[in-house]
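Encoded as structure tokens, the structure appears first; notes follow it.
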Amino acid sequence: MLIVRRGLLLALTALLIWRVAALGLSTHYVERVEAGDPGSATKALAWSGRQPEALLEQAAAMREKDPSGTRALLVRAYAENPANTRALTSLAAMAQGEGNSEEAAVLLGAAVGLTPSDPRIHRRAARLWAAQGDLDRALHHWSLSIEVDPSGRAQIFPILLRVAQDPGTATALRPLAEAHPDWWQAFFAELAKRSHEIEPVRVFYAWRRESTQAPVTEAERKTYVARLIRDAAVSEAYIEWVNGLGRPQRAQLGLLYNGGFELEATNWGFDWHLRGSATARIERARIYGMDGEKSLHLLFSRHQGRFANAFQPLLLDPGVYRLTGRVRIESLETQGGLKWVLRCLLPDTQDLGESERFLGSNEWRDFGFEFEVPEACRMQEIRLESAGKRHVEHKIDGGAWFDRLAIRRVSAGRTSADGS
């Protein structure tokens, strides 16, 4: 009896050792499969027929030749590891290819439920619903895909842009516009940049303004105003820019905005655009003798090349105007000097007037000049730039201060001013 027991124990031990070795070899071959050697799937299954990854690889290898056998392998793989959604998505792809969209939808729905953070499954679901003509569900999954994997924007944004620019499908995007997911701002910027017509941009911006879920962001307003200006819809752009101003900003409105530089420049819309550099610093600062709390200060340090980095777009009616301001120059060494220029931008570029040249040194003093906006001119700008046509004239060292800039209307035009 003791001998029998010992024999059974030895047999069980041998079986266990064989089983462990088989599982070890099977796992080894599965690792080879995962490393990119699909031929190892057969070897893995030879040692253990329950390896889900090996079953999946074998199913992929025989899909074209034996669909029914492939389906059986995929079902086995899912049974061995229900947490792995690859079997479900592969079965869904087969069902869709065979025209069984309902089964494909159920399988993909199960896959999404198991791994809602997998962007690939959301993209598969989106393609399925798009193929079935259910754009609402497709957009839902495309949106979720981008939310969990922002790098997918490059692949999905072109699809959304086609939807947005087609009047027959654009309304499907309205719920996303109103909900304003994390990726929406970047998408709206792409739409404003790439849309051939401005109307889709207007429509989507209107939906954003009507949203009760998320207010329009400053970035969206900037994008929209820039596109309106690009399309020469300047009055509309100005109104939208003004609508985004708070009470302190509105207090600075006039023919020239924030001419005393009391507020920080925002560098967009019809505000000041101030763009400094390593050799031309631009800031708002305090100095003795100025008006208010701040003045515009420019400090040049061996600057070379034309300077034109301080400007503001304007929207003036036709007529004669006068620009006035105060200036203080601190050892501004330059052959050309600095000057303020009033320029028409639309429909064509045309200089309307310019100030004296500023160079050398002087304490605070007043300056001014007149200019006329012609009937056809729809948009203008005021810009501080270096004067001169030769490179040597644009070399600048030293500092300049400006304050209390203002524009006032002198008359409706030269004819009225002359009384003729």
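Labels for the structure tokens follow display order: chains A, B, ..., residues from 1 in each chain, ligands from 1.
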
Contacts of stretch 364-367 of chain A at 12 Å (only C-alpha atoms; same-chain gap of 2+ positions) as a PDB file with N, CA and C atoms, in the first residue's frame:
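Listed below is the output, out_38.pdb:
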ATOM      1  N   ILE A 287       7.803 107.151 -14.487  1.00  0.00           N
ATOM      2  CA  ILE A 287       8.919 108.078 -14.555  1.00  0.00           C
ATOM      3  C   ILE A 287       8.422 109.458 -14.134  1.00  0.00           C
ATOM      4  N   TYR A 288       9.300 110.261 -13.629  1.00  0.00           N
ATOM      5  CA  TYR A 288       8.945 111.609 -13.177  1.00  0.00           C
ATOM      6  C   TYR A 288       8.382 112.432 -14.334  1.00  0.00           C
ATOM      7  N   GLY A 289       7.281 113.134 -14.077  1.00  0.00           N
ATOM      8  CA  GLY A 289       6.694 114.045 -15.045  1.00  0.00           C
ATOM      9  C   GLY A 289       5.629 113.441 -15.928  1.00  0.00           C
ATOM     10  N   MET A 290       5.360 112.159 -15.805  1.00  0.00           N
ATOM     11  CA  MET A 290       4.342 111.540 -16.661  1.00  0.00           C
ATOM     12  C   MET A 290       2.947 111.836 -16.116  1.00  0.00           C
ATOM     13  N   ASP A 291       1.939 111.518 -16.937  1.00  0.00           N
ATOM     14  CA  ASP A 291       0.548 111.616 -16.512  1.00  0.00           C
ATOM     15  C   ASP A 291       0.067 110.221 -16.109  1.00  0.00           C
ATOM     16  N   SER A 295       3.474 104.888 -18.248  1.00  0.00           N
ATOM     17  CA  SER A 295       3.765 105.417 -19.583  1.00  0.00           C
ATOM     18  C   SER A 295       4.392 104.292 -20.396  1.00  0.00           C
ATOM     19  N   ARG A 322      -6.652 114.635 -35.713  1.00  0.00           N
ATOM     20  CA  ARG A 322      -5.381 115.084 -35.176  1.00  0.00           C
ATOM     21  C   ARG A 322      -4.952 114.127 -34.066  1.00  0.00           C
ATOM     22  N   LEU A 323      -3.716 113.621 -34.181  1.00  0.00           N
ATOM     23  CA  LEU A 323      -3.136 112.796 -33.126  1.00  0.00           C
ATOM     24  C   LEU A 323      -2.237 113.680 -32.267  1.00  0.00           C
ATOM     25  N   THR A 324      -2.391 113.580 -30.963  1.00  0.00           N
ATOM     26  CA  THR A 324      -1.534 114.319 -30.035  1.00  0.00           C
ATOM     27  C   THR A 324      -0.953 113.354 -29.007  1.00  0.00           C
ATOM     28  N   GLY A 325       0.125 113.780 -28.382  1.00  0.00           N
ATOM     29  CA  GLY A 325       0.746 112.954 -27.359  1.00  0.00           C
ATOM     30  C   GLY A 325       1.888 113.687 -26.694  1.00  0.00           C
ATOM     31  N   ARG A 326       2.514 113.018 -25.734  1.00  0.00           N
ATOM     32  CA  ARG A 326       3.682 113.559 -25.058  1.00  0.00           C
ATOM     33  C   ARG A 326       4.836 112.577 -25.240  1.00  0.00           C
ATOM     34  N   VAL A 327       6.054 113.119 -25.322  1.00  0.00           N
ATOM     35  CA  VAL A 327       7.226 112.298 -25.579  1.00  0.00           C
ATOM     36  C   VAL A 327       8.389 112.772 -24.714  1.00  0.00           C
ATOM     37  N   ARG A 328       9.194 111.827 -24.266  1.00  0.00           N
ATOM     38  CA  ARG A 328      10.442 112.114 -23.549  1.00  0.00           C
ATOM     39  C   ARG A 328      11.515 111.205 -24.130  1.00  0.00           C
ATOM     40  N   ILE A 329      12.621 111.765 -24.593  1.00  0.00           N
ATOM     41  CA  ILE A 329      13.682 111.009 -25.245  1.00  0.00           C
ATOM     42  C   ILE A 329      14.922 110.996 -24.352  1.00  0.00           C
ATOM     43  N   GLU A 330      15.542 109.823 -24.210  1.00  0.00           N
ATOM     44  CA  GLU A 330      16.723 109.660 -23.361  1.00  0.00           C
ATOM     45  C   GLU A 330      17.882 109.103 -24.186  1.00  0.00           C
ATOM     46  N   LYS A 339       9.238 107.322 -35.286  1.00  0.00           N
ATOM     47  CA  LYS A 339       8.104 108.159 -35.671  1.00  0.00           C
ATOM     48  C   LYS A 339       6.810 107.353 -35.534  1.00  0.00           C
ATOM     49  N   TRP A 340       5.718 108.056 -35.252  1.00  0.00           N
ATOM     50  CA  TRP A 340       4.387 107.463 -35.270  1.00  0.00           C
ATOM     51  C   TRP A 340       3.807 107.640 -36.670  1.00  0.00           C
ATOM     52  N   GLU A 354       2.218 111.164 -40.591  1.00  0.00           N
ATOM     53  CA  GLU A 354       3.247 110.706 -39.660  1.00  0.00           C
ATOM     54  C   GLU A 354       3.733 111.868 -38.803  1.00  0.00           C
ATOM     55  N   SER A 355       4.302 111.509 -37.674  1.00  0.00           N
ATOM     56  CA  SER A 355       4.808 112.516 -36.733  1.00  0.00           C
ATOM     57  C   SER A 355       6.207 112.958 -37.139  1.00  0.00           C
ATOM     58  N   GLU A 356       6.735 113.906 -36.382  1.00  0.00           N
ATOM     59  CA  GLU A 356       8.150 114.247 -36.502  1.00  0.00           C
ATOM     60  C   GLU A 356       8.997 113.034 -36.110  1.00  0.00           C
ATOM     61  N   ARG A 357      10.279 113.076 -36.419  1.00  0.00           N
ATOM     62  CA  ARG A 357      11.192 112.015 -35.981  1.00  0.00           C
ATOM     63  C   ARG A 357      11.685 112.320 -34.562  1.00  0.00           C
ATOM     64  N   PHE A 358      11.770 111.287 -33.743  1.00  0.00           N
ATOM     65  CA  PHE A 358      12.227 111.436 -32.365  1.00  0.00           C
ATOM     66  C   PHE A 358      13.622 110.832 -32.236  1.00  0.00           C
ATOM     67  N   SER A 361      17.830 113.758 -27.135  1.00  0.00           N
ATOM     68  CA  SER A 361      17.348 113.795 -25.748  1.00  0.00           C
ATOM     69  C   SER A 361      16.452 115.000 -25.560  1.00  0.00           C
ATOM     70  N   ASN A 362      15.402 114.852 -24.784  1.00  0.00           N
ATOM     71  CA  ASN A 362      14.565 115.986 -24.385  1.00  0.00           C
ATOM     72  C   ASN A 362      13.691 115.577 -23.215  1.00  0.00           C
ATOM     73  N   PHE A 369       0.129 115.774 -34.999  1.00  0.00           N
ATOM     74  CA  PHE A 369       0.044 115.962 -36.451  1.00  0.00           C
ATOM     75  C   PHE A 369      -1.369 115.596 -36.896  1.00  0.00           C
ATOM     76  N   GLU A 370      -1.746 116.154 -38.051  1.00  0.00           N
ATOM     77  CA  GLU A 370      -3.051 115.873 -38.638  1.00  0.00           C
ATOM     78  C   GLU A 370      -2.935 114.812 -39.725  1.00  0.00           C
ATOM     79  N   ALA A 400      13.072 105.859 -25.065  1.00  0.00           N
ATOM     80  CA  ALA A 400      12.012 106.801 -25.418  1.00  0.00           C
ATOM     81  C   ALA A 400      10.785 106.494 -24.566  1.00  0.00           C
ATOM     82  N   TRP A 401      10.076 107.557 -24.162  1.00  0.00           N
ATOM     83  CA  TRP A 401       8.846 107.434 -23.375  1.00  0.00           C
ATOM     84  C   TRP A 401       7.709 108.112 -24.138  1.00  0.00           C
ATOM     85  N   PHE A 402       6.516 107.510 -24.099  1.00  0.00           N
ATOM     86  CA  PHE A 402       5.331 108.123 -24.717  1.00  0.00           C
ATOM     87  C   PHE A 402       4.161 108.021 -23.747  1.00  0.00           C
ATOM     88  N   ASP A 403       3.324 109.053 -23.772  1.00  0.00           N
ATOM     89  CA  ASP A 403       2.191 109.097 -22.849  1.00  0.00           C
ATOM     90  C   ASP A 403       1.097 109.976 -23.457  1.00  0.00           C
ATOM     91  N   ARG A 404      -0.106 109.806 -22.940  1.00  0.00           N
ATOM     92  CA  ARG A 404      -1.275 110.640 -23.250  1.00  0.00           C
ATOM     93  C   ARG A 404      -1.504 110.761 -24.763  1.00  0.00           C
ATOM     94  N   LEU A 405      -1.383 109.622 -25.483  1.00  0.00           N
ATOM     95  CA  LEU A 405      -1.721 109.636 -26.909  1.00  0.00           C
ATOM     96  C   LEU A 405      -3.238 109.723 -27.060  1.00  0.00           C
ATOM     97  N   ALA A 406      -3.698 110.514 -28.012  1.00  0.00           N
ATOM     98  CA  ALA A 406      -5.132 110.669 -28.243  1.00  0.00           C
ATOM     99  C   ALA A 406      -5.370 111.062 -29.698  1.00  0.00           C
TER     100      ALA A 406
END

Non-local contacts of A:Gln312 (10 Å; only C-alpha atoms; under 4 positions in same chain excluded) as a VMD selection string: chain A and resid 256 to 258 265 267 to 274 342 380 to 384

Requested write-out: N, CA and C atoms of the selected residues, as a PDB file, in the first residue's frame:
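Ended up saving to part_9.pdb:
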ATOM      1  N   LEU A 256      -8.807 106.280 -30.007  1.00  0.00           N
ATOM      2  CA  LEU A 256      -7.589 105.513 -29.727  1.00  0.00           C
ATOM      3  C   LEU A 256      -7.778 104.879 -28.362  1.00  0.00           C
ATOM      4  N   TYR A 257      -7.570 103.582 -28.259  1.00  0.00           N
ATOM      5  CA  TYR A 257      -7.812 102.865 -27.011  1.00  0.00           C
ATOM      6  C   TYR A 257      -6.579 102.904 -26.106  1.00  0.00           C
ATOM      7  N   ASN A 258      -6.824 103.189 -24.815  1.00  0.00           N
ATOM      8  CA  ASN A 258      -5.762 103.119 -23.809  1.00  0.00           C
ATOM      9  C   ASN A 258      -4.544 103.950 -24.214  1.00  0.00           C
ATOM     10  N   ALA A 265      -1.237  95.917 -22.129  1.00  0.00           N
ATOM     11  CA  ALA A 265      -1.642  95.582 -23.499  1.00  0.00           C
ATOM     12  C   ALA A 265      -1.949  94.092 -23.600  1.00  0.00           C
ATOM     13  N   ASN A 267      -2.415  92.593 -26.692  1.00  0.00           N
ATOM     14  CA  ASN A 267      -1.829  92.116 -27.955  1.00  0.00           C
ATOM     15  C   ASN A 267      -2.826  91.383 -28.851  1.00  0.00           C
ATOM     16  N   TRP A 268      -4.081  91.777 -28.802  1.00  0.00           N
ATOM     17  CA  TRP A 268      -5.041  91.213 -29.749  1.00  0.00           C
ATOM     18  C   TRP A 268      -6.165  92.208 -29.974  1.00  0.00           C
ATOM     19  N   GLY A 269      -6.901  91.985 -31.057  1.00  0.00           N
ATOM     20  CA  GLY A 269      -8.029  92.850 -31.367  1.00  0.00           C
ATOM     21  C   GLY A 269      -7.603  94.276 -31.627  1.00  0.00           C
ATOM     22  N   PHE A 270      -8.362  95.232 -31.073  1.00  0.00           N
ATOM     23  CA  PHE A 270      -8.116  96.652 -31.305  1.00  0.00           C
ATOM     24  C   PHE A 270      -7.412  97.293 -30.106  1.00  0.00           C
ATOM     25  N   ASP A 271      -6.663  96.478 -29.388  1.00  0.00           N
ATOM     26  CA  ASP A 271      -5.821  96.934 -28.290  1.00  0.00           C
ATOM     27  C   ASP A 271      -4.410  97.192 -28.831  1.00  0.00           C
ATOM     28  N   TRP A 272      -3.530  97.658 -27.958  1.00  0.00           N
ATOM     29  CA  TRP A 272      -2.131  97.796 -28.322  1.00  0.00           C
ATOM     30  C   TRP A 272      -1.505  96.418 -28.524  1.00  0.00           C
ATOM     31  N   HIS A 273      -0.660  96.320 -29.533  1.00  0.00           N
ATOM     32  CA  HIS A 273       0.151  95.136 -29.776  1.00  0.00           C
ATOM     33  C   HIS A 273       1.603  95.568 -29.549  1.00  0.00           C
ATOM     34  N   LEU A 274       2.180  95.104 -28.457  1.00  0.00           N
ATOM     35  CA  LEU A 274       3.537  95.497 -28.070  1.00  0.00           C
ATOM     36  C   LEU A 274       4.407  94.242 -28.021  1.00  0.00           C
ATOM     37  N   LEU A 342       0.320 106.919 -39.149  1.00  0.00           N
ATOM     38  CA  LEU A 342      -1.078 106.531 -39.343  1.00  0.00           C
ATOM     39  C   LEU A 342      -1.205 105.977 -40.743  1.00  0.00           C
ATOM     40  N   GLN A 380      -7.698 101.203 -40.205  1.00  0.00           N
ATOM     41  CA  GLN A 380      -6.411 101.883 -40.144  1.00  0.00           C
ATOM     42  C   GLN A 380      -5.575 101.278 -39.002  1.00  0.00           C
ATOM     43  N   GLU A 381      -4.373 101.801 -38.863  1.00  0.00           N
ATOM     44  CA  GLU A 381      -3.549 101.461 -37.711  1.00  0.00           C
ATOM     45  C   GLU A 381      -2.653 102.641 -37.373  1.00  0.00           C
ATOM     46  N   ILE A 382      -2.268 102.722 -36.104  1.00  0.00           N
ATOM     47  CA  ILE A 382      -1.224 103.634 -35.673  1.00  0.00           C
ATOM     48  C   ILE A 382      -0.047 102.754 -35.270  1.00  0.00           C
ATOM     49  N   ARG A 383       1.156 103.109 -35.725  1.00  0.00           N
ATOM     50  CA  ARG A 383       2.326 102.258 -35.481  1.00  0.00           C
ATOM     51  C   ARG A 383       3.549 103.133 -35.207  1.00  0.00           C
ATOM     52  N   LEU A 384       4.301 102.737 -34.189  1.00  0.00           N
ATOM     53  CA  LEU A 384       5.588 103.371 -33.909  1.00  0.00           C
ATOM     54  C   LEU A 384       6.662 102.565 -34.629  1.00  0.00           C
TER      55      LEU A 384
END

Contact residues around stretch 144-155 of chain A with only C-alpha atoms at 10 Å, ignoring same-chain residues under 6 positions, as a PyMOL selection string: chain A and resi 116-126+181-184+186-187

Writing out the chosen residues with N, CA and C atoms as a PDB file, in the first residue's frame:
ATOM      1  N   PRO A 116     -13.158  51.977 -21.100  1.00  0.00           N
ATOM      2  CA  PRO A 116     -13.631  53.283 -21.597  1.00  0.00           C
ATOM      3  C   PRO A 116     -12.509  54.291 -21.842  1.00  0.00           C
ATOM      4  N   SER A 117     -11.290  53.998 -21.389  1.00  0.00           N
ATOM      5  CA  SER A 117     -10.181  54.927 -21.588  1.00  0.00           C
ATOM      6  C   SER A 117      -9.278  54.524 -22.752  1.00  0.00           C
ATOM      7  N   ASP A 118      -9.717  53.575 -23.554  1.00  0.00           N
ATOM      8  CA  ASP A 118      -8.917  53.142 -24.703  1.00  0.00           C
ATOM      9  C   ASP A 118      -9.355  53.925 -25.939  1.00  0.00           C
ATOM     10  N   PRO A 119      -8.527  54.853 -26.442  1.00  0.00           N
ATOM     11  CA  PRO A 119      -8.950  55.682 -27.579  1.00  0.00           C
ATOM     12  C   PRO A 119      -9.152  54.873 -28.860  1.00  0.00           C
ATOM     13  N   ARG A 120      -8.429  53.760 -29.000  1.00  0.00           N
ATOM     14  CA  ARG A 120      -8.566  52.951 -30.222  1.00  0.00           C
ATOM     15  C   ARG A 120      -9.962  52.362 -30.339  1.00  0.00           C
ATOM     16  N   ILE A 121     -10.512  51.925 -29.216  1.00  0.00           N
ATOM     17  CA  ILE A 121     -11.858  51.350 -29.246  1.00  0.00           C
ATOM     18  C   ILE A 121     -12.888  52.425 -29.559  1.00  0.00           C
ATOM     19  N   HIS A 122     -12.688  53.625 -29.014  1.00  0.00           N
ATOM     20  CA  HIS A 122     -13.612  54.732 -29.340  1.00  0.00           C
ATOM     21  C   HIS A 122     -13.529  55.069 -30.835  1.00  0.00           C
ATOM     22  N   ARG A 123     -12.339  55.028 -31.403  1.00  0.00           N
ATOM     23  CA  ARG A 123     -12.217  55.313 -32.839  1.00  0.00           C
ATOM     24  C   ARG A 123     -12.908  54.235 -33.672  1.00  0.00           C
ATOM     25  N   ARG A 124     -12.779  52.959 -33.243  1.00  0.00           N
ATOM     26  CA  ARG A 124     -13.476  51.884 -33.942  1.00  0.00           C
ATOM     27  C   ARG A 124     -14.993  52.080 -33.867  1.00  0.00           C
ATOM     28  N   ALA A 125     -15.456  52.433 -32.659  1.00  0.00           N
ATOM     29  CA  ALA A 125     -16.896  52.656 -32.489  1.00  0.00           C
ATOM     30  C   ALA A 125     -17.368  53.832 -33.340  1.00  0.00           C
ATOM     31  N   ALA A 126     -16.556  54.883 -33.398  1.00  0.00           N
ATOM     32  CA  ALA A 126     -16.926  56.049 -34.205  1.00  0.00           C
ATOM     33  C   ALA A 126     -17.033  55.672 -35.683  1.00  0.00           C
ATOM     34  N   PRO A 181     -15.953  70.562 -24.701  1.00  0.00           N
ATOM     35  CA  PRO A 181     -14.942  69.642 -24.153  1.00  0.00           C
ATOM     36  C   PRO A 181     -13.548  70.253 -24.244  1.00  0.00           C
ATOM     37  N   ASP A 182     -12.590  69.614 -23.597  1.00  0.00           N
ATOM     38  CA  ASP A 182     -11.238  70.174 -23.501  1.00  0.00           C
ATOM     39  C   ASP A 182     -10.609  70.472 -24.860  1.00  0.00           C
ATOM     40  N   TRP A 183     -10.941  69.681 -25.865  1.00  0.00           N
ATOM     41  CA  TRP A 183     -10.305  69.829 -27.172  1.00  0.00           C
ATOM     42  C   TRP A 183     -10.998  70.863 -28.057  1.00  0.00           C
ATOM     43  N   TRP A 184     -12.144  71.377 -27.638  1.00  0.00           N
ATOM     44  CA  TRP A 184     -12.951  72.212 -28.533  1.00  0.00           C
ATOM     45  C   TRP A 184     -12.232  73.488 -28.958  1.00  0.00           C
ATOM     46  N   ALA A 186      -9.097  74.130 -29.401  1.00  0.00           N
ATOM     47  CA  ALA A 186      -8.115  73.860 -30.457  1.00  0.00           C
ATOM     48  C   ALA A 186      -8.810  73.565 -31.775  1.00  0.00           C
ATOM     49  N   PHE A 187      -9.933  72.871 -31.720  1.00  0.00           N
ATOM     50  CA  PHE A 187     -10.666  72.575 -32.953  1.00  0.00           C
ATOM     51  C   PHE A 187     -11.241  73.848 -33.574  1.00  0.00           C
TER      52      PHE A 187
END

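Taking atom CA of A:Phe300 and atom CA of A:Gln249 as the two end points, the separation is 29.1 Å.
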
Atom-to-atom span, atom CA of A:Glu199 and atom CA of A:Ile159, Å: 18.5 Å

Backbone-only DSSP, alpha helix (DSSP H) members of stretch 81-295 of chain A, as a VMD selection string: chain A and resid 86 to 97 101 to 114 119 to 131 135 to 148 153 to 165 174 to 179 184 to 194 199 to 210 218 to 230 234 to 243 247 to 250

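The spacing separating atom CA of A:Ala376 from atom CA of A:Glu236 amounts to 17.6 Å.
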
Shell around stretch 164-170 of chain A at 12 Å using only C-alpha atoms, local window under 2 positions removed, as an NGL selection string: :A and (130 or 133-136 or 139 or 157-162 or 172-177 or 187-188 or 190-192 or 194-205 or 207)

Contact check, stretch 159-180 of chain A to stretch 208-228 of chain A, at most 7 Å, counting only C-alpha atoms, closest pairs as a Markdown table:
| residue | atom | partner | partner_atom | distance |
| --- | --- | --- | --- | --- |
| A:Ala177 | CA | A:Arg208 | CA | 5.9 |
| A:Glu178 | CA | A:Ser211 | CA | 4.8 |
| A:Ala179 | CA | A:Gln213 | CA | 5.8 |
| A:His180 | CA | A:Ala214 | CA | 6.4 |

Taking C-alpha atoms for each residue, export the selection above as a short mmCIF file (atom, residue, chain, number, x, y, z; two decimals), in the first residue's frame.
data_model
loop_
_atom_site.label_atom_id
_atom_site.label_comp_id
_atom_site.auth_asym_id
_atom_site.auth_seq_id
_atom_site.Cartn_x
_atom_site.Cartn_y
_atom_site.Cartn_z
CA ALA A 177 -19.88 73.16 -29.17
CA GLU A 178 -22.23 73.94 -26.30
CA ALA A 179 -20.61 71.40 -23.96
CA HIS A 180 -17.13 72.74 -24.80
#
